[in-house]
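S.K.: The following block contains the structure, expressed as structure tokens.
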Amino acid sequence: MTTKAEKASHPGCWVEESHEDILVLRYPVKRTLFQGKSEFQTIDVVETKGFGRMLLNDGLVMISERDEFIYHEMIAHIPLFTHPEPENVLIIGGGDGGTAREVLRHQSVTHCHQVEIDELVVNTCKQWIPQTAVGMKKTSRFTLEIGDAVDYVTTTNQQYDVILVDSTDPIGPAVPLFGTDFYYHVNRILKDDGIVVAQGESPFYAAEQQQSLLKIMGELFPVVSLYNYTNLTYPGGLWSFAFASKKQHPVADFHDHKVTESG
């Protein structure tokens, strides 16, 4: 997977993502807003024609202003509407802030704790993509911890109602977030009626990864499934979230009468 974001500072250029040498997505760029490199990855923010500002990590499109709401609403609201009374929520990753924004719209949530490994992603989005970064505003209901989420779930004794794994693809620092040890500890820190939802890759391009993740979850949780969503800027357009729960079923226990705060 490659990008040509480094050329995007010149008018008439395109940012390009190549997926497994079988698909190329290109977006016309008005200007480059930010280019940087942390100890974990490269980070680019570009202003595009038609999609607004776009965040890329290691050349992969993470979010665009035009369609980010789809991903963030789907990762957050499905489990939070399924759980009968979610109060304590853990977000793993999610450095752009959009998932936290949606979680905090639920009035039952008393505290949301986010663990993000890359502070540069957080600071970049706070400066250049406030549309999502507004979710990481410091309040009594939200705390942000810069650190390794694998270490956090391994060592914490805090118990959570819902855990959201808002990760990149299983490359680089995100690889352990798709492993057995990680989900063993996720299960350990979930309450008896807890739910975990994780970024579940593409059913067309990552079927083996999906099956591996479902197998790991299935050995630890009695309720496991996938649910799909569409996204303009992800390869193929159709992607999935993995859902696992100790009790709640995402269809039978979905509480559609719940309301969230607007804005």
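Chain labels A, B, ... are given in the sequence in which chains occur in the structure tokens; within each chain residues are numbered consecutively from 1, and ligands are likewise numbered from 1 in the order shown.
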Taking the DSSP assignment computed from this structure's backbone, write out as a PyMOL selection string all residues of segment 15-258 of chain A that belong to strand (DSSP E or B).
M.R.: chain A and resi 15-19+23-37+42-48+52-57+60-64+88-93+111-116+139+142-146+160-166+190-199+223-230+238-245
S.K.: Would you pick out the contacts of Val29 of chain A at 6 Å or less, using only C-alpha atoms, so that residues sharing its chain but fewer than 6 positions from it are not included, and give the list as a VMD selection string?
M.R.: chain A and resid 13 to 14 47 to 48
S.K.: Take the residues that were just selected and, keeping all heavy atoms, output them as an mmCIF file, in the first residue's frame.
M.R.:
```cif
data_model
loop_
_atom_site.group_PDB
_atom_site.id
_atom_site.type_symbol
_atom_site.label_atom_id
_atom_site.label_comp_id
_atom_site.auth_asym_id
_atom_site.auth_seq_id
_atom_site.Cartn_x
_atom_site.Cartn_y
_atom_site.Cartn_z
ATOM 1 N N CYS A 13 -2.374 18.007 -8.291
ATOM 2 C CA CYS A 13 -1.893 16.685 -7.917
ATOM 3 C C CYS A 13 -2.994 15.862 -7.254
ATOM 4 O O CYS A 13 -4.038 16.382 -6.883
ATOM 5 C CB CYS A 13 -0.697 16.800 -6.975
ATOM 6 S SG CYS A 13 0.807 17.341 -7.796
ATOM 7 N N TRP A 14 -2.704 14.585 -7.118
ATOM 8 C CA TRP A 14 -3.648 13.651 -6.522
ATOM 9 C C TRP A 14 -2.956 12.911 -5.385
ATOM 10 O O TRP A 14 -1.766 12.619 -5.455
ATOM 11 C CB TRP A 14 -4.107 12.615 -7.555
ATOM 12 C CG TRP A 14 -4.852 13.197 -8.719
ATOM 13 C CD1 TRP A 14 -4.348 14.006 -9.707
ATOM 14 C CD2 TRP A 14 -6.229 13.016 -9.028
ATOM 15 N NE1 TRP A 14 -5.330 14.333 -10.608
ATOM 16 C CE2 TRP A 14 -6.498 13.736 -10.216
ATOM 17 C CE3 TRP A 14 -7.265 12.308 -8.420
ATOM 18 C CZ2 TRP A 14 -7.759 13.765 -10.797
ATOM 19 C CZ3 TRP A 14 -8.521 12.330 -9.000
ATOM 20 C CH2 TRP A 14 -8.761 13.058 -10.173
ATOM 21 N N GLU A 47 -6.060 18.708 1.909
ATOM 22 C CA GLU A 47 -7.353 19.280 1.566
ATOM 23 C C GLU A 47 -7.710 18.788 0.174
ATOM 24 O O GLU A 47 -6.990 19.061 -0.791
ATOM 25 C CB GLU A 47 -7.281 20.802 1.581
ATOM 26 C CG GLU A 47 -8.604 21.486 1.312
ATOM 27 C CD GLU A 47 -9.398 21.766 2.570
ATOM 28 O OE1 GLU A 47 -8.788 22.090 3.596
ATOM 29 O OE2 GLU A 47 -10.624 21.659 2.494
ATOM 30 N N THR A 48 -8.798 18.031 0.058
ATOM 31 C CA THR A 48 -9.151 17.432 -1.220
ATOM 32 C C THR A 48 -10.370 18.117 -1.827
ATOM 33 O O THR A 48 -11.138 18.790 -1.145
ATOM 34 C CB THR A 48 -9.481 15.936 -1.055
ATOM 35 O OG1 THR A 48 -10.680 15.798 -0.280
ATOM 36 C CG2 THR A 48 -8.337 15.202 -0.389
#
```
S.K.: Find, counting only C-alpha atoms, the residue in A:Tyr229, A:Tyr205, A:Tyr183, A:Trp128 that gets nearest to Ala244 of chain A.
M.R.: A:Tyr183
S.K.: Mind giving me the straight-line distance from atom CA of Val134 of chain A to atom CA of Thr99 of chain A in Å, one decimal?
M.R.: 10.3 Å
S.K.: Using only C-alpha atoms for the distances, tell me which of A:Gly94, A:Pro203, A:Pro235, A:Gly52 is nearest to Ala149 of chain A.
M.R.: A:Gly94
S.K.: Enumerate, as number ranges by chain, the complete set of residues in segment 66-254 of chain A that a backbone-based DSSP assignment places in alpha helix (DSSP H).
M.R.: A: 68-82, 98-103, 119-128, 130-133, 149-155, 180-189, 207-218
S.K.: When you count only C-alpha atoms, which of these residues is closest to Phe81 of chain A: A:Asp67, A:Gln107, A:Lys215, A:Lys126?
M.R.: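 Between A:Asp67, A:Gln107, A:Lys215, A:Lys126, the residue approaching Phe81 of chain A most closely is A:Gln107.
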S.K.: At most 12 Å is the cut-off: for each residue in segment 99-118 of chain A with any atom that close to an atom of segment 248-259 of chain A, write down the nearest atom pair and the distance in Å rounded to one decimal, counting only C-alpha atoms, chain first then increasing number, as JSON lines.
M.R.:
```
{"residue": "A:Arg105", "atom": "CA", "partner": "A:Val259", "partner_atom": "CA", "distance": 8.8}
{"residue": "A:His106", "atom": "CA", "partner": "A:Val259", "partner_atom": "CA", "distance": 7.4}
{"residue": "A:Gln107", "atom": "CA", "partner": "A:Val259", "partner_atom": "CA", "distance": 8.2}
{"residue": "A:Ser108", "atom": "CA", "partner": "A:Lys258", "partner_atom": "CA", "distance": 10.0}
```
S.K.: Mind checking which residues fall within 8 Å of Leu55 of chain A, counting only C-alpha atoms, ignoring those fewer than 2 positions away in the same chain, and posting them as a PyMOL selection string?
M.R.: chain A and resi 43-46+53+57+61-64
S.K.: Could you check the closest approach to His111 of chain A for each of A:Trp239, A:Asn123, A:Val162, A:Gln131 and tell me which residue wins, using only C-alpha atoms?
M.R.: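 So, comparing all the options, the nearest one is A:Val162.
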S.K.: Go ahead and compute the interatomic distance for atom CA of Gly237 of chain A and atom CA of Phe204 of chain A, in Å to one decimal.
M.R.: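 The value is 9.8 Å.
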S.K.: Pick from A:Pro86, A:Gly50, A:Pro222, A:Gly98: nearest to Glu73 of chain A, with only C-alpha atoms counted?
M.R.: A:Gly98
S.K.: Skip segment 194-196 of chain A itself and residues of its chain fewer than 2 positions away, then list as a JSON list (two decimals) with N, CA, C and O atoms, in the first residue's frame all residues within 9 Å of it, counting only C-alpha atoms.
M.R.:
```json
[["chain", "number", "residue", "atom", "x", "y", "z"],
["A", 79, "PRO", "N", -23.05, -0.78, 19.49],
["A", 79, "PRO", "CA", -22.90, -1.38, 20.83],
["A", 79, "PRO", "C", -23.54, -0.55, 21.94],
["A", 79, "PRO", "O", -24.07, -1.12, 22.90],
["A", 80, "LEU", "N", -23.54, 0.77, 21.81],
["A", 80, "LEU", "CA", -24.09, 1.59, 22.89],
["A", 80, "LEU", "C", -25.62, 1.57, 22.91],
["A", 80, "LEU", "O", -26.23, 1.77, 23.96],
["A", 82, "THR", "N", -27.08, -1.27, 22.02],
["A", 82, "THR", "CA", -27.34, -2.66, 22.37],
["A", 82, "THR", "C", -27.19, -2.90, 23.87],
["A", 82, "THR", "O", -27.97, -3.65, 24.47],
["A", 83, "HIS", "N", -26.18, -2.27, 24.47],
["A", 83, "HIS", "CA", -25.99, -2.43, 25.91],
["A", 83, "HIS", "C", -27.13, -1.74, 26.66],
["A", 83, "HIS", "O", -27.52, -0.63, 26.31],
["A", 86, "PRO", "N", -24.95, 1.55, 29.22],
["A", 86, "PRO", "CA", -23.50, 1.74, 29.16],
["A", 86, "PRO", "C", -23.05, 2.99, 29.92],
["A", 86, "PRO", "O", -23.50, 4.09, 29.63],
["A", 160, "TYR", "N", -15.20, -2.30, 32.28],
["A", 160, "TYR", "CA", -15.90, -1.49, 31.28],
["A", 160, "TYR", "C", -17.16, -2.18, 30.80],
["A", 160, "TYR", "O", -17.25, -3.41, 30.74],
["A", 161, "ASP", "N", -18.13, -1.34, 30.44],
["A", 161, "ASP", "CA", -19.36, -1.85, 29.83],
["A", 161, "ASP", "C", -19.16, -2.10, 28.34],
["A", 161, "ASP", "O", -19.67, -3.09, 27.79],
["A", 162, "VAL", "N", -18.45, -1.20, 27.68],
["A", 162, "VAL", "CA", -18.22, -1.29, 26.24],
["A", 162, "VAL", "C", -16.78, -0.93, 25.94],
["A", 162, "VAL", "O", -16.24, 0.04, 26.49],
["A", 163, "ILE", "N", -16.15, -1.71, 25.08],
["A", 163, "ILE", "CA", -14.80, -1.42, 24.61],
["A", 163, "ILE", "C", -14.85, -1.32, 23.09],
["A", 163, "ILE", "O", -15.38, -2.21, 22.41],
["A", 164, "LEU", "N", -14.32, -0.22, 22.55],
["A", 164, "LEU", "CA", -14.30, 0.02, 21.11],
["A", 164, "LEU", "C", -12.86, 0.03, 20.63],
["A", 164, "LEU", "O", -12.06, 0.87, 21.07],
["A", 165, "VAL", "N", -12.54, -0.89, 19.73],
["A", 165, "VAL", "CA", -11.18, -0.99, 19.20],
["A", 165, "VAL", "C", -11.14, -0.29, 17.84],
["A", 165, "VAL", "O", -11.44, -0.87, 16.80],
["A", 186, "VAL", "N", -9.15, -8.09, 26.99],
["A", 186, "VAL", "CA", -10.38, -7.34, 26.73],
["A", 186, "VAL", "C", -11.55, -8.04, 27.43],
["A", 186, "VAL", "O", -12.37, -7.40, 28.10],
["A", 187, "ASN", "N", -11.63, -9.35, 27.30],
["A", 187, "ASN", "CA", -12.67, -10.11, 27.96],
["A", 187, "ASN", "C", -12.58, -9.96, 29.48],
["A", 187, "ASN", "O", -13.59, -9.80, 30.16],
["A", 189, "ILE", "N", -11.50, -7.46, 31.30],
["A", 189, "ILE", "CA", -11.88, -6.16, 31.86],
["A", 189, "ILE", "C", -13.28, -5.71, 31.44],
["A", 189, "ILE", "O", -13.70, -4.62, 31.79],
["A", 190, "LEU", "N", -13.99, -6.56, 30.72],
["A", 190, "LEU", "CA", -15.38, -6.28, 30.41],
["A", 190, "LEU", "C", -16.27, -6.81, 31.52],
["A", 190, "LEU", "O", -16.06, -7.90, 32.05],
["A", 191, "LYS", "N", -17.29, -6.05, 31.87],
["A", 191, "LYS", "CA", -18.26, -6.50, 32.86],
["A", 191, "LYS", "C", -19.06, -7.69, 32.32],
["A", 191, "LYS", "O", -18.95, -8.04, 31.14],
["A", 192, "ASP", "N", -19.88, -8.28, 33.18],
["A", 192, "ASP", "CA", -20.59, -9.50, 32.82],
["A", 192, "ASP", "C", -21.54, -9.33, 31.64],
["A", 192, "ASP", "O", -21.90, -10.32, 30.98],
["A", 198, "ALA", "N", -14.85, -4.02, 17.22],
["A", 198, "ALA", "CA", -13.54, -3.73, 16.66],
["A", 198, "ALA", "C", -13.62, -3.50, 15.16],
["A", 198, "ALA", "O", -14.45, -4.11, 14.46],
["A", 242, "ALA", "N", -16.41, -6.04, 13.86],
["A", 242, "ALA", "CA", -16.60, -7.29, 14.58],
["A", 242, "ALA", "C", -17.25, -6.98, 15.92],
["A", 242, "ALA", "O", -16.80, -6.08, 16.64],
["A", 243, "PHE", "N", -18.28, -7.71, 16.27],
["A", 243, "PHE", "CA", -19.06, -7.52, 17.49],
["A", 243, "PHE", "C", -18.94, -8.77, 18.35],
["A", 243, "PHE", "O", -19.17, -9.88, 17.87],
["A", 244, "ALA", "N", -18.57, -8.59, 19.62],
["A", 244, "ALA", "CA", -18.54, -9.71, 20.54],
["A", 244, "ALA", "C", -19.11, -9.26, 21.88],
["A", 244, "ALA", "O", -18.88, -8.14, 22.33],
["A", 245, "SER", "N", -19.86, -10.17, 22.53],
["A", 245, "SER", "CA", -20.55, -9.80, 23.76],
["A", 245, "SER", "C", -20.64, -11.00, 24.70],
["A", 245, "SER", "O", -20.66, -12.15, 24.26],
["A", 246, "LYS", "N", -20.72, -10.69, 25.98],
["A", 246, "LYS", "CA", -20.91, -11.74, 26.97],
["A", 246, "LYS", "C", -22.37, -12.14, 27.11],
["A", 246, "LYS", "O", -22.67, -13.24, 27.58],
["A", 247, "LYS", "N", -23.29, -11.23, 26.74],
["A", 247, "LYS", "CA", -24.72, -11.52, 26.87],
["A", 247, "LYS", "C", -25.55, -10.94, 25.73],
["A", 247, "LYS", "O", -26.44, -11.59, 25.19],
["A", 248, "GLN", "N", -25.28, -9.68, 25.38],
["A", 248, "GLN", "CA", -26.18, -8.93, 24.52],
["A", 248, "GLN", "C", -26.05, -9.33, 23.05],
["A", 248, "GLN", "O", -24.95, -9.53, 22.54]]
```
S.K.: Given only C-alpha atoms as the basis, pick out the residue of A:Ala207, A:Ile216, A:Ala100, A:Leu144 nearest to His77 of chain A.
M.R.: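 Closest residue, counting only C-alpha atoms: A:Ala100.
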